[in-house]
Every structure is written in C-alpha cells, then in structure tokens.
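> Contents of input11.cif (mmCIF, C-alpha atoms) are given next:
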data_query
#
loop_
_atom_site.label_atom_id
_atom_site.label_comp_id
_atom_site.auth_asym_id
_atom_site.auth_seq_id
_atom_site.Cartn_x
_atom_site.Cartn_y
_atom_site.Cartn_z
CA MET V 1 11.60 -29.68 3.92
CA SER V 2 11.44 -26.50 1.85
CA ARG V 3 11.19 -23.37 4.00
CA LEU V 4 9.46 -20.13 3.11
CA CYS V 5 12.05 -17.42 3.73
CA LEU V 6 10.86 -13.81 3.81
CA TYR V 7 13.05 -10.74 3.72
CA TYR V 8 12.18 -7.21 4.70
CA LEU V 9 15.36 -5.24 5.24
CA GLY V 10 15.55 -1.47 5.49
CA GLU V 11 18.27 0.76 4.11
CA PRO V 12 21.12 0.84 6.65
CA GLU V 13 21.75 4.03 8.60
CA ARG V 14 24.74 5.97 7.30
CA ASP V 15 26.79 8.68 8.94
CA ARG V 16 25.40 12.07 7.93
CA TRP V 17 27.22 14.82 9.81
CA LEU V 18 29.78 13.18 12.09
CA PRO V 19 31.53 9.81 12.14
CA GLY V 20 29.35 7.37 14.07
CA ASP V 21 26.22 9.54 14.15
CA ARG V 22 24.32 6.72 12.42
CA TYR V 23 24.16 5.05 15.84
CA VAL V 24 22.92 8.17 17.63
CA ARG V 25 20.32 9.54 15.20
CA PRO V 26 17.80 6.67 15.64
CA LEU V 27 17.90 7.16 19.41
CA VAL V 28 17.36 10.91 19.07
CA ARG V 29 14.47 10.36 16.64
CA ARG V 30 12.80 7.99 19.07
CA ILE V 31 13.16 10.47 21.95
CA VAL V 32 11.82 13.39 19.89
CA ARG V 33 9.12 11.62 17.88
CA GLY V 34 8.26 8.69 20.11
CA LYS V 35 7.90 5.10 19.01
CA PRO V 36 8.00 4.90 15.19
CA ARG V 37 4.65 4.24 13.52
CA PRO V 38 4.46 1.51 10.86
CA GLY V 39 4.34 2.96 7.36
CA GLY V 40 2.53 1.50 4.38
CA LEU V 41 5.34 -0.88 3.40
CA ASP V 42 5.74 -1.96 7.02
CA THR V 43 2.02 -2.76 7.15
CA VAL V 44 2.31 -4.85 3.98
CA PHE V 45 4.92 -7.07 5.63
CA ILE V 46 3.02 -7.19 8.93
CA ASN V 47 -0.25 -8.15 7.22
CA LEU V 48 1.41 -10.79 5.06
CA ARG V 49 2.84 -12.42 8.16
CA LEU V 50 -0.54 -12.20 9.92
CA GLY V 51 -2.15 -13.94 6.97
CA LEU V 52 0.47 -16.67 6.88
CA GLY V 53 -0.07 -17.16 10.60
CA ARG V 54 -3.82 -17.50 10.12
CA LEU V 55 -3.13 -20.22 7.55
CA GLY V 56 -0.65 -21.96 9.84
CA ILE V 57 2.21 -21.51 7.36
CA GLN V 58 5.63 -21.49 9.02
CA HIS V 59 8.16 -19.02 7.65
CA GLU V 60 11.59 -17.60 8.37
CA VAL V 61 12.24 -13.85 8.53
CA ASN V 62 15.51 -12.21 7.46
CA LEU V 63 17.51 -15.41 7.69
CA PRO V 64 21.18 -14.71 6.82
CA PHE V 65 21.60 -15.46 3.13
CA ASP V 66 24.44 -17.93 3.73
CA ARG V 67 22.08 -20.07 5.81
CA LEU V 68 19.67 -20.65 2.95
CA ARG V 69 19.24 -24.23 1.78
CA PRO V 70 19.05 -25.11 -1.94
CA ASP V 71 15.33 -25.88 -1.80
CA ASP V 72 14.28 -22.84 0.27
CA ARG V 73 11.67 -20.52 -1.25
CA VAL V 74 12.82 -16.89 -1.12
CA ALA V 75 10.71 -13.75 -1.19
CA VAL V 76 12.15 -10.24 -0.78
CA LEU V 77 9.73 -7.35 -0.21
CA GLY V 78 12.14 -4.48 0.46
CA ARG V 79 13.24 -1.94 1.30
CA GLY V 80 15.58 -0.32 -1.20
CA ARG V 81 18.53 -1.53 -3.24
CA SER V 82 20.55 -2.66 -0.23
CA CYS V 83 18.04 -5.37 0.71
CA LEU V 84 19.74 -7.88 -1.63
CA ALA V 85 23.34 -6.89 -0.92
CA GLY V 86 25.39 -10.03 -0.38
CA TYR V 87 22.87 -12.41 -1.96
CA ARG V 88 24.91 -15.03 -3.89
CA GLN V 89 22.60 -18.02 -3.64
CA PRO V 90 21.07 -19.83 -6.66
CA ASN V 91 17.58 -19.85 -5.09
CA PRO V 92 15.13 -18.02 -7.33
CA ILE V 93 13.73 -14.84 -5.80
CA VAL V 94 10.20 -13.50 -5.73
CA ALA V 95 10.66 -9.77 -5.18
CA GLY V 96 8.67 -6.60 -5.29
CA ILE V 97 6.65 -3.87 -3.65
CA GLY V 98 9.36 -2.00 -1.74
CA LEU V 99 12.58 -2.46 -3.69
CA MET V 100 12.18 0.72 -5.76
CA THR V 101 9.70 3.44 -6.67
CA HIS V 102 10.06 3.03 -10.45
CA PRO V 103 11.79 0.27 -12.45
CA SER V 104 14.15 2.79 -14.08
CA GLU V 105 15.81 3.09 -10.66
CA TRP V 106 17.02 -0.55 -10.86
CA PRO V 107 16.68 -1.67 -14.48
CA ASP V 108 19.20 -4.53 -14.22
CA LEU V 109 17.72 -6.05 -11.04
CA CYS V 110 16.84 -9.33 -12.74
CA GLN V 111 20.29 -9.65 -14.27
CA GLU V 112 22.05 -8.76 -11.05
CA TYR V 113 20.03 -11.25 -8.98
CA PRO V 114 17.97 -14.38 -9.80
CA VAL V 115 14.62 -12.55 -9.61
CA VAL V 116 12.03 -14.66 -11.42
CA ARG V 117 8.87 -12.88 -10.22
CA TYR V 118 8.35 -9.19 -9.53
CA LEU V 119 5.25 -8.25 -7.55
CA GLN V 120 3.19 -5.08 -7.64
CA HIS V 121 -0.03 -4.47 -5.72
CA SER V 122 -2.35 -3.50 -8.58
CA ALA V 123 -2.87 -3.50 -12.34
CA TRP V 124 -1.78 0.08 -13.02
CA CYS V 125 1.54 -0.45 -11.18
CA ASP V 126 2.04 -3.76 -12.97
CA ALA V 127 1.65 -1.93 -16.30
CA VAL V 128 4.52 0.40 -15.30
CA TYR V 129 6.86 -2.50 -14.50
CA ARG V 130 6.09 -4.86 -17.39
CA PRO V 131 8.08 -2.98 -20.05
CA TRP V 132 11.14 -3.42 -17.81
CA PHE V 133 10.68 -6.84 -16.20
CA GLY V 134 8.35 -8.51 -18.72
CA GLU V 135 6.65 -11.79 -17.91
CA ARG V 136 8.23 -11.87 -14.47
CA CYS V 137 5.58 -9.39 -13.34
CA ARG V 138 2.65 -10.49 -11.21
CA ILE V 139 -0.11 -8.66 -9.32
CA TRP V 140 -0.41 -9.33 -5.61
CA PRO V 141 -2.44 -7.24 -3.13
CA VAL V 142 -1.81 -7.73 0.56
CA GLY V 143 -4.74 -8.59 2.82
CA ILE V 144 -6.64 -6.36 5.23
CA ASP V 145 -7.04 -7.42 8.86
CA THR V 146 -10.84 -7.68 8.82
CA ALA V 147 -10.91 -8.85 12.44
CA SER V 148 -9.25 -5.61 13.52
CA TRP V 149 -10.86 -3.19 11.05
CA THR V 150 -14.50 -3.93 11.68
CA PRO V 151 -17.74 -1.91 12.06
CA PRO V 152 -18.42 -0.89 15.68
CA GLN V 153 -20.84 -3.16 17.53
CA ARG V 154 -22.88 -0.18 18.70
CA PRO V 155 -22.55 2.48 15.99
CA SER V 156 -22.60 6.05 17.21
CA LYS V 157 -22.07 8.27 14.19
CA SER V 158 -21.26 11.81 15.33
CA PHE V 159 -20.32 13.38 11.99
CA ASP V 160 -21.01 12.80 8.30
CA PHE V 161 -17.63 12.72 6.52
CA LEU V 162 -14.11 11.81 7.50
CA ILE V 163 -11.87 13.72 5.08
CA TYR V 164 -8.69 11.75 4.44
CA ASP V 165 -6.19 14.28 3.12
CA LYS V 166 -3.19 12.72 1.38
CA ILE V 167 -2.50 15.44 -1.16
CA HIS V 168 1.26 15.62 -1.73
CA TRP V 169 1.82 17.50 -4.97
CA ASP V 170 0.54 20.89 -6.23
CA ARG V 171 -1.10 21.32 -2.87
CA ASP V 172 -1.79 25.05 -3.19
CA GLN V 173 -3.55 24.50 -6.52
CA ARG V 174 -5.51 21.49 -5.24
CA GLN V 175 -6.57 23.59 -2.26
CA LEU V 176 -8.03 26.18 -4.64
CA ASP V 177 -9.62 23.98 -7.27
CA LEU V 178 -10.65 20.96 -5.21
CA LEU V 179 -10.48 21.04 -1.41
CA ASP V 180 -11.96 24.50 -0.78
CA PRO V 181 -14.85 24.08 -3.27
CA ILE V 182 -15.74 20.66 -1.81
CA LEU V 183 -15.62 21.92 1.76
CA GLY V 184 -17.82 24.81 0.67
CA ASP V 185 -20.29 22.34 -0.82
CA LEU V 186 -20.35 20.27 2.38
CA ASN V 187 -20.96 23.40 4.43
CA GLY V 188 -23.73 24.46 2.05
CA ARG V 189 -25.42 21.09 2.48
CA GLY V 190 -25.19 21.38 6.27
CA LEU V 191 -22.96 18.30 6.49
CA THR V 192 -20.42 17.83 9.25
CA TYR V 193 -16.87 16.62 8.74
CA ARG V 194 -13.50 16.03 10.34
CA THR V 195 -10.11 16.02 8.59
CA LEU V 196 -7.16 13.71 9.08
CA ARG V 197 -3.96 14.68 7.27
CA TYR V 198 -1.76 11.83 6.13
CA GLY V 199 1.22 11.23 8.40
CA THR V 200 -0.13 13.26 11.34
CA TYR V 201 -2.44 10.80 13.09
CA THR V 202 -2.14 7.55 15.03
CA ARG V 203 -3.86 4.31 14.12
CA SER V 204 -6.07 4.62 17.19
CA GLU V 205 -7.15 8.11 16.08
CA TYR V 206 -7.95 6.76 12.63
CA ARG V 207 -9.91 3.85 14.07
CA GLU V 208 -11.89 6.18 16.33
CA ALA V 209 -12.66 8.51 13.43
CA LEU V 210 -13.88 5.63 11.25
CA SER V 211 -16.21 4.45 14.00
CA ALA V 212 -17.70 7.95 14.31
CA CYS V 213 -18.18 8.90 10.63
CA ARG V 214 -20.86 7.88 8.15
CA ALA V 215 -18.60 8.05 5.07
CA MET V 216 -15.10 8.99 3.98
CA LEU V 217 -13.89 11.49 1.39
CA VAL V 218 -10.48 10.38 0.13
CA PHE V 219 -8.02 12.81 -1.42
CA SER V 220 -5.04 10.86 -2.75
CA ALA V 221 -3.76 11.25 -6.30
CA HIS V 222 -2.89 7.57 -6.73
CA GLU V 223 -2.32 4.45 -4.67
CA SER V 224 -0.50 1.25 -5.52
CA GLN V 225 -2.99 -0.47 -3.20
CA GLY V 226 -4.45 2.04 -0.72
CA LEU V 227 -4.45 0.29 2.64
CA ALA V 228 -6.06 3.21 4.51
CA TYR V 229 -9.16 3.43 2.35
CA GLN V 230 -9.44 -0.37 2.36
CA GLU V 231 -9.33 -0.35 6.16
CA ALA V 232 -12.22 2.11 5.98
CA LEU V 233 -14.14 -0.23 3.66
CA SER V 234 -13.47 -3.13 6.02
CA SER V 235 -14.84 -0.95 8.83
CA GLY V 236 -18.10 -0.56 6.91
CA VAL V 237 -17.41 3.03 5.80
CA PRO V 238 -18.29 3.84 2.16
CA VAL V 239 -15.82 6.00 0.24
CA LEU V 240 -16.20 8.97 -2.08
CA ALA V 241 -12.79 9.16 -3.75
CA TRP V 242 -10.91 11.75 -5.77
CA ASP V 243 -9.46 9.72 -8.64
CA PRO V 244 -7.71 12.02 -11.17
CA GLY V 245 -6.53 9.10 -13.30
CA LEU V 246 -2.85 9.99 -13.75
CA VAL V 247 0.32 9.85 -11.63
CA GLN V 248 0.96 13.28 -10.14
CA ASP V 249 4.47 12.69 -8.77
CA PRO V 250 6.85 15.14 -10.51
CA ALA V 251 9.48 12.38 -10.53
CA ARG V 252 7.60 10.98 -13.52
CA PHE V 253 9.55 13.36 -15.76
CA ARG V 254 12.83 12.01 -14.43
CA TRP V 255 11.54 8.50 -15.09
CA GLY V 256 10.82 9.44 -18.70
CA GLN V 257 7.08 8.79 -18.28
CA PRO V 258 5.31 12.16 -18.07
CA GLU V 259 1.87 10.55 -18.39
CA ILE V 260 1.21 7.38 -16.38
CA PRO V 261 -2.39 6.13 -16.05
CA ALA V 262 -3.15 5.43 -12.40
CA THR V 263 -5.95 5.25 -9.85
CA SER V 264 -6.39 6.17 -6.21
CA VAL V 265 -8.77 3.25 -5.59
CA PRO V 266 -7.34 0.19 -7.39
CA TYR V 267 -9.66 -2.21 -5.55
CA PHE V 268 -13.19 -0.85 -5.71
CA ASP V 269 -16.64 -1.62 -7.06
CA ALA V 270 -20.21 -0.33 -6.76
CA ARG V 271 -20.48 -1.70 -3.21
CA CYS V 272 -17.63 0.55 -2.04
CA GLY V 273 -18.76 4.04 -3.07
CA GLU V 274 -18.21 6.52 -5.90
CA ARG V 275 -15.28 8.38 -7.46
CA PHE V 276 -14.67 11.68 -9.23
CA ARG V 277 -11.85 13.27 -11.27
CA ASP V 278 -12.38 16.94 -10.43
CA PHE V 279 -14.85 19.31 -8.80
CA ASP V 280 -17.26 19.18 -11.74
CA GLU V 281 -17.46 15.38 -11.45
CA TYR V 282 -17.74 15.70 -7.68
CA ARG V 283 -20.89 17.81 -8.10
CA ARG V 284 -22.43 14.98 -10.13
CA ALA V 285 -21.15 12.15 -7.92
CA MET V 286 -22.01 13.68 -4.53
CA PRO V 287 -25.85 13.58 -4.84
CA VAL V 288 -25.67 9.99 -6.10
CA PHE V 289 -23.38 8.99 -3.25
CA TRP V 290 -25.41 10.74 -0.56
CA GLU V 291 -28.72 9.30 -1.73
CA LYS V 292 -27.34 5.77 -1.92
CA LEU V 293 -25.60 6.16 1.45
CA ASN V 294 -28.84 7.22 3.14
CA ALA V 295 -30.66 4.31 1.48
CA GLY V 296 -28.12 1.81 2.84
CA GLY V 297 -27.07 0.95 -0.70
CA TYR V 298 -23.38 0.35 -0.07
CA ALA V 299 -21.75 -2.78 1.34
CA PRO V 300 -18.02 -1.98 1.44
CA ARG V 301 -17.07 -4.64 3.98
CA ASP V 302 -18.58 -7.33 1.75
CA TYR V 303 -16.16 -6.29 -1.00
CA ILE V 304 -13.15 -6.63 1.32
CA LEU V 305 -14.33 -9.99 2.69
CA GLU V 306 -14.74 -11.25 -0.86
CA ASN V 307 -11.43 -10.00 -2.23
CA LEU V 308 -8.87 -8.83 0.33
CA THR V 309 -8.83 -10.88 3.51
CA LEU V 310 -5.52 -11.74 5.16
CA GLU V 311 -6.02 -15.43 4.44
CA LYS V 312 -6.91 -15.09 0.74
CA CYS V 313 -4.05 -12.75 -0.01
CA ALA V 314 -1.49 -14.78 1.94
CA GLU V 315 -2.58 -17.92 0.11
CA HIS V 316 -2.19 -16.07 -3.20
CA PHE V 317 1.31 -14.98 -2.15
CA VAL V 318 2.36 -18.57 -1.38
CA GLN V 319 0.99 -19.71 -4.75
CA LEU V 320 3.11 -17.09 -6.53
CA VAL V 321 6.21 -18.14 -4.59
CA ASP V 322 5.58 -21.82 -5.30
CA GLU V 323 5.06 -21.14 -9.02
CA ALA V 324 8.52 -19.57 -9.16
CA GLN V 325 10.37 -22.61 -7.88
CA PRO V 326 11.01 -24.48 -11.19
CA HIS V 327 12.94 -21.43 -12.43
CA ARG V 328 16.32 -22.26 -11.02
CA ALA V 329 19.21 -19.89 -11.60
CA THR V 330 22.94 -20.57 -11.69
CA PRO V 331 24.93 -19.52 -8.63
CA ARG V 332 26.51 -16.07 -8.68
CA PRO V 333 30.29 -15.98 -8.44
CA SER V 334 31.92 -14.60 -5.34
CA ALA V 335 33.17 -11.02 -5.47
#
Could you write out this structure as structure tokens?

Amino acid sequence: MSRLCLYYLGEPERDRWLPGDRYVRPLVRRIVRGKPRPGGLDTVFINLRLGLGRLGIQHEVNLPFDRLRPDDRVAVLGRGRSCLAGYRQPNPIVAGIGLMTHPSEWPDLCQEYPVVRYLQHSAWCDAVYRPWFGERCRIWPVGIDTASWTPPQRPSKSFDFLIYDKIHWDRDQRQLDLLDPILGDLNGRGLTYRTLRYGTYTRSEYREALSACRAMLVFSAHESQGLAYQEALSSGVPVLAWDPGLVQDPARFRWGQPEIPATSVPYFDARCGERFRDFDEYRRAMPVFWEKLNAGGYAPRDYILENLTLEKCAEHFVQLVDEAQPHRATPRPSA
C-alpha cells in the first residue's frame, strides 16, 4: 500500500570555531536560552501532521531515503538545500515552503531532483516562484488549530489593542513615520494597548494577550501566510493590519527583483478586519474599524473555520500529493 512519506529536515550543524563544536553549541544554546520555541516553519509541519491525524491519515516522517518503496508518495517541506541530499529515488517529490527564501537561490532544483510540484502558502509567493518553476507551482496554506486557538469561554477584555510588532527592515524610519504616529493616535483616543515584539514572547503569553484584547494591530511588512494573525482571527480577535503592498526585504535587490508585490494578510476578508498602507490610510481605516468593532460587525473566526481548518488544509495537501503521482521520473544515477 502506498505510504505518505513526509520530510522536514533542518540544516546540519557545522563546526564554527573549533573541531567538534557542532556537538556542543546546541547544548549551550539550550542551557542559555531554554527549550527552543517552534518557529513558523516548524509550526507548518506540526499543524500539517495534526491535520493528517484528525483525518486519520497514516504517514511516515523522515524515513531514510533508501527505505522508500516505488509507490510511496513523497513530500519535502524543508529546511534548506541539504534536506534532499542523498535523494536518488525515482519517486516524484512534492516540495516547498522551507527549501529556500527565493527561487534564485536554487534555480535548478527541479532538474537536480524529481520535483513535480512546488508549494507556496499564498498567491503572491506563488507569483514569485512561477517564472522559475512554471506549472509545477501550487498554492497550499497550512491549517490553523481552531480547537487550540479559540475565543475564551468567559471573555474578560482588559485592554483595547494588542500591538503585534514584526517590523524587521527600516525600523528607525518605520518608528518615525508609522509606529509613533499610530501610538499617538491611540493615546489621543484614550485607547489602551499592549505590545508584543516578534521573537520575544512565548505562545502562552501570546494566547493570554489574545484573550485579554479586543482587537489586534499587526505590523508586518509581508507574510507568506501569517500564522500569528490567523491564530488571532481563530481566537475571535479582529485585525487592523499594516499592509504596505511590496516586499521590504533588502535581499530583493540581490534576487534581481527590486519591486515584488506582496501582502501582510494573504488570507483576509471583510469579516477579519481592515488594512492600511501608511499612516494616512490608517487615519481613514481606524474610525471604520473601531465603529464596526464596537457594533460587533466582525466575525474573524468564521473566516478561519470556512477556509483554514487543520482538516481542510491537510485534505488539500493530500490531494496535491496524490495529483503528483502520475508524474514519474527516471532514477538518478549514483554518485
């Protein structure tokens, strides 16, 4: 019987300063920083597996490549170029999400390996990859755990806005032209808020903040999917999102794409909240958002339940993997 074989392999540790320090550094990091927190890509793999479990779909994880059978279905979600090292099987591969940041970093992937589908989370990311990987490209968002991210049974809202600060680039300028003016506006309106800076909080702190806020202000230049804001939507928290419309990462010049259309909220409709490009648009969007929020006019969890549950997205993933199976590739020769 055909098995579903999933791969999520990180880049191997390499010696940095002294021979053998690759074995010591992870232990030191754990002592200093504590137990590592799952990142966005980790959560993608975790949520996919949760969804498959909810559907009762058996699957293998990181099975050695030489133990693959000819009819096994193979999906590789990352991370980095080393995740496919040693793959010499003819089984077609569904790959994506975490293998690279931009297709120019691995332009010959589909010639080097039998990759017949390449997944990206949203339409704007798919548009970046299509010129490189063509009709192999498919859009696949991962599901949100709606049983875990849920509105509190007895809401006790102690402040108005949770400010989700994920500003990476041009931070000093964004502080001047965006953050400070918006905080000044909130203060002028007598609204209360609390800030969480990306990478500095625990999941329990985020969950507690969502249960205590009425709405969330999201500051992220662009998101391939945006799991954090979707967890907020699933928790019943409407979102007012900064959405400048273009990739801000300075690496875009190295990629040869100085202007890449993008969005910070790729899965979003009128039930979820409002968005703005800059402070001028914020001043127009804020009164609309606040009035609708007070009138109970948003239903963000309904949007997630309709579009992004674990079960729906896992089923979509299996469909994409199954569709790839007729595309058989010839075996790669041994090195």
> Hey, can you check how far atom CA of V:Leu77 sits from atom CA of V:Gln257?
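Spanning atom CA of V:Leu77 to atom CA of V:Gln257 is a straight-line distance of 24.4 Å.
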> Find the distance between atom CA of V:Ile163 and atom CA of V:Asp180 and write it in Å to one decimal.
12.3 Å
> Quick one: pull the distance between atom CA of V:Thr146 and atom CA of V:Thr202, Å, one decimal.
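Separation between atom CA of V:Thr146 and atom CA of V:Thr202: 18.6 Å.
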> For the interface of stretch 124-180 of chain V with stretch 226-245 of chain V (cut-off 10 Å, counting all atoms listed in the file), please tabulate each contacting residue of stretch 124-180 of chain V alongside its nearest pair of atoms and their separation in Å to one decimal, rows sorted by chain and increasing number, as CSV.

residue,atom,partner,partner_atom,distance
V:Pro141,CA,V:Leu227,CA,9.7
V:Val142,CA,V:Leu227,CA,8.7
V:Gly143,CA,V:Leu227,CA,8.9
V:Ile144,CA,V:Glu231,CA,6.6
V:Asp145,CA,V:Glu231,CA,7.9
V:Thr146,CA,V:Ser234,CA,6.0
V:Ala147,CA,V:Ser234,CA,9.0
V:Ser148,CA,V:Ser235,CA,8.7
V:Trp149,CA,V:Ser235,CA,5.1
V:Thr150,CA,V:Ser235,CA,4.1
V:Pro151,CA,V:Ser235,CA,4.4
V:Pro152,CA,V:Ser235,CA,7.7
V:Phe161,CA,V:Val239,CA,9.4
V:Leu162,CA,V:Val239,CA,9.5
V:Ile163,CA,V:Leu240,CA,9.6
V:Tyr164,CA,V:Tyr229,CA,8.6
V:Leu178,CA,V:Trp242,CA,9.2
> On this structure, which residues satisfy the PyMOL selection byres ((chain V and resi 159) around 6), written as a short mmCIF file (atom, residue, chain, number, x, y, z; two decimals) with C-alpha atoms, in the frame of the given file?

data_model
loop_
_atom_site.label_atom_id
_atom_site.label_comp_id
_atom_site.auth_asym_id
_atom_site.auth_seq_id
_atom_site.Cartn_x
_atom_site.Cartn_y
_atom_site.Cartn_z
CA LYS V 157 -22.07 8.27 14.19
CA SER V 158 -21.26 11.81 15.33
CA ASP V 160 -21.01 12.80 8.30
CA THR V 192 -20.42 17.83 9.25
CA TYR V 193 -16.87 16.62 8.74
CA CYS V 213 -18.18 8.90 10.63
#
> Between V:Val247, V:Ala75, V:Cys83, V:Leu176, which has the minimum distance to V:Trp124 (counting all atoms listed in the file)?
V:Val247
> Please write the residues picked by the PyMOL selection byres ((chain V and resi 122) around 10) on this file as an NGL selection string.
:V and (119-121 or 123-127 or 138-141 or 223-226 or 262-263 or 265-267)
> Need to verify the contact set: stretch 44-57 of chain V, 6 Å, all atoms listed in the file, exclusion of same-chain residues closer than 3 positions in sequence. Can you return it as a PyMOL selection string?
chain V and resi 41+310-311+314
> At a cut-off of 9 Å, using all atoms listed in the file, what residues contact V:Glu135? Leave out same-chain residues fewer than 6 positions from it and give the result as a PyMOL selection string.
chain V and resi 116-118
> Calculated over all atoms listed in the file, which of the candidates V:Trp255, V:Glu323, V:Leu63, V:Cys313 has the smallest distance to V:Thr101?
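Residue with the minimum atom-to-atom distance to V:Thr101: V:Trp255.
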> So that I can see what lies close to V:Gln175, please list as a PyMOL selection string the residues with an atom at most 12 Å from it, counting only C-alpha atoms and leaving out residues fewer than 5 positions away in the same chain.
chain V and resi 165-170+180-184+219+279
> Need to verify the contact set: V:Ala85, 12 Å, only C-alpha atoms, exclusion of same-chain residues closer than 6 positions in sequence. Can you return it as a PDB file with C-alpha atoms, in the coordinates of the input?

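After the write, out38.pdb holds the following:
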ATOM      1  CA  TYR V   7      13.050 -10.740   3.720  1.00  0.00           C
ATOM      2  CA  LEU V   9      15.360  -5.240   5.240  1.00  0.00           C
ATOM      3  CA  GLY V  10      15.550  -1.470   5.490  1.00  0.00           C
ATOM      4  CA  GLU V  11      18.270   0.760   4.110  1.00  0.00           C
ATOM      5  CA  PRO V  12      21.120   0.840   6.650  1.00  0.00           C
ATOM      6  CA  PRO V  64      21.180 -14.710   6.820  1.00  0.00           C
ATOM      7  CA  PHE V  65      21.600 -15.460   3.130  1.00  0.00           C
ATOM      8  CA  VAL V  76      12.150 -10.240  -0.780  1.00  0.00           C
ATOM      9  CA  GLY V  78      12.140  -4.480   0.460  1.00  0.00           C
ATOM     10  CA  ARG V  79      13.240  -1.940   1.300  1.00  0.00           C
ATOM     11  CA  LEU V  99      12.580  -2.460  -3.690  1.00  0.00           C
ATOM     12  CA  LEU V 109      17.720  -6.050 -11.040  1.00  0.00           C
ATOM     13  CA  GLU V 112      22.050  -8.760 -11.050  1.00  0.00           C
ATOM     14  CA  TYR V 113      20.030 -11.250  -8.980  1.00  0.00           C
ATOM     15  CA  ALA V 335      33.170 -11.020  -5.470  1.00  0.00           C
TER      16      ALA V 335
END
> Out of V:Asp249, V:Glu208, V:Asp72, V:Asp269, which residue has the shortest atom-to-atom distance to V:Ala324 when counting all atoms listed in the file?
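Among the listed residues, V:Asp72 lies closest to V:Ala324.
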> Using all atoms listed in the file, which residues sit within 9 Å of V:Glu60 once same-chain residues fewer than 4 positions away are excluded, as a PDB file with C-alpha atoms, in the coordinates of the input?

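around.pdb written:
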ATOM      1  CA  ARG V   3      11.190 -23.370   4.000  1.00  0.00           C
ATOM      2  CA  LEU V   4       9.460 -20.130   3.110  1.00  0.00           C
ATOM      3  CA  CYS V   5      12.050 -17.420   3.730  1.00  0.00           C
ATOM      4  CA  LEU V   6      10.860 -13.810   3.810  1.00  0.00           C
ATOM      5  CA  TYR V   7      13.050 -10.740   3.720  1.00  0.00           C
TER       6      TYR V   7
END
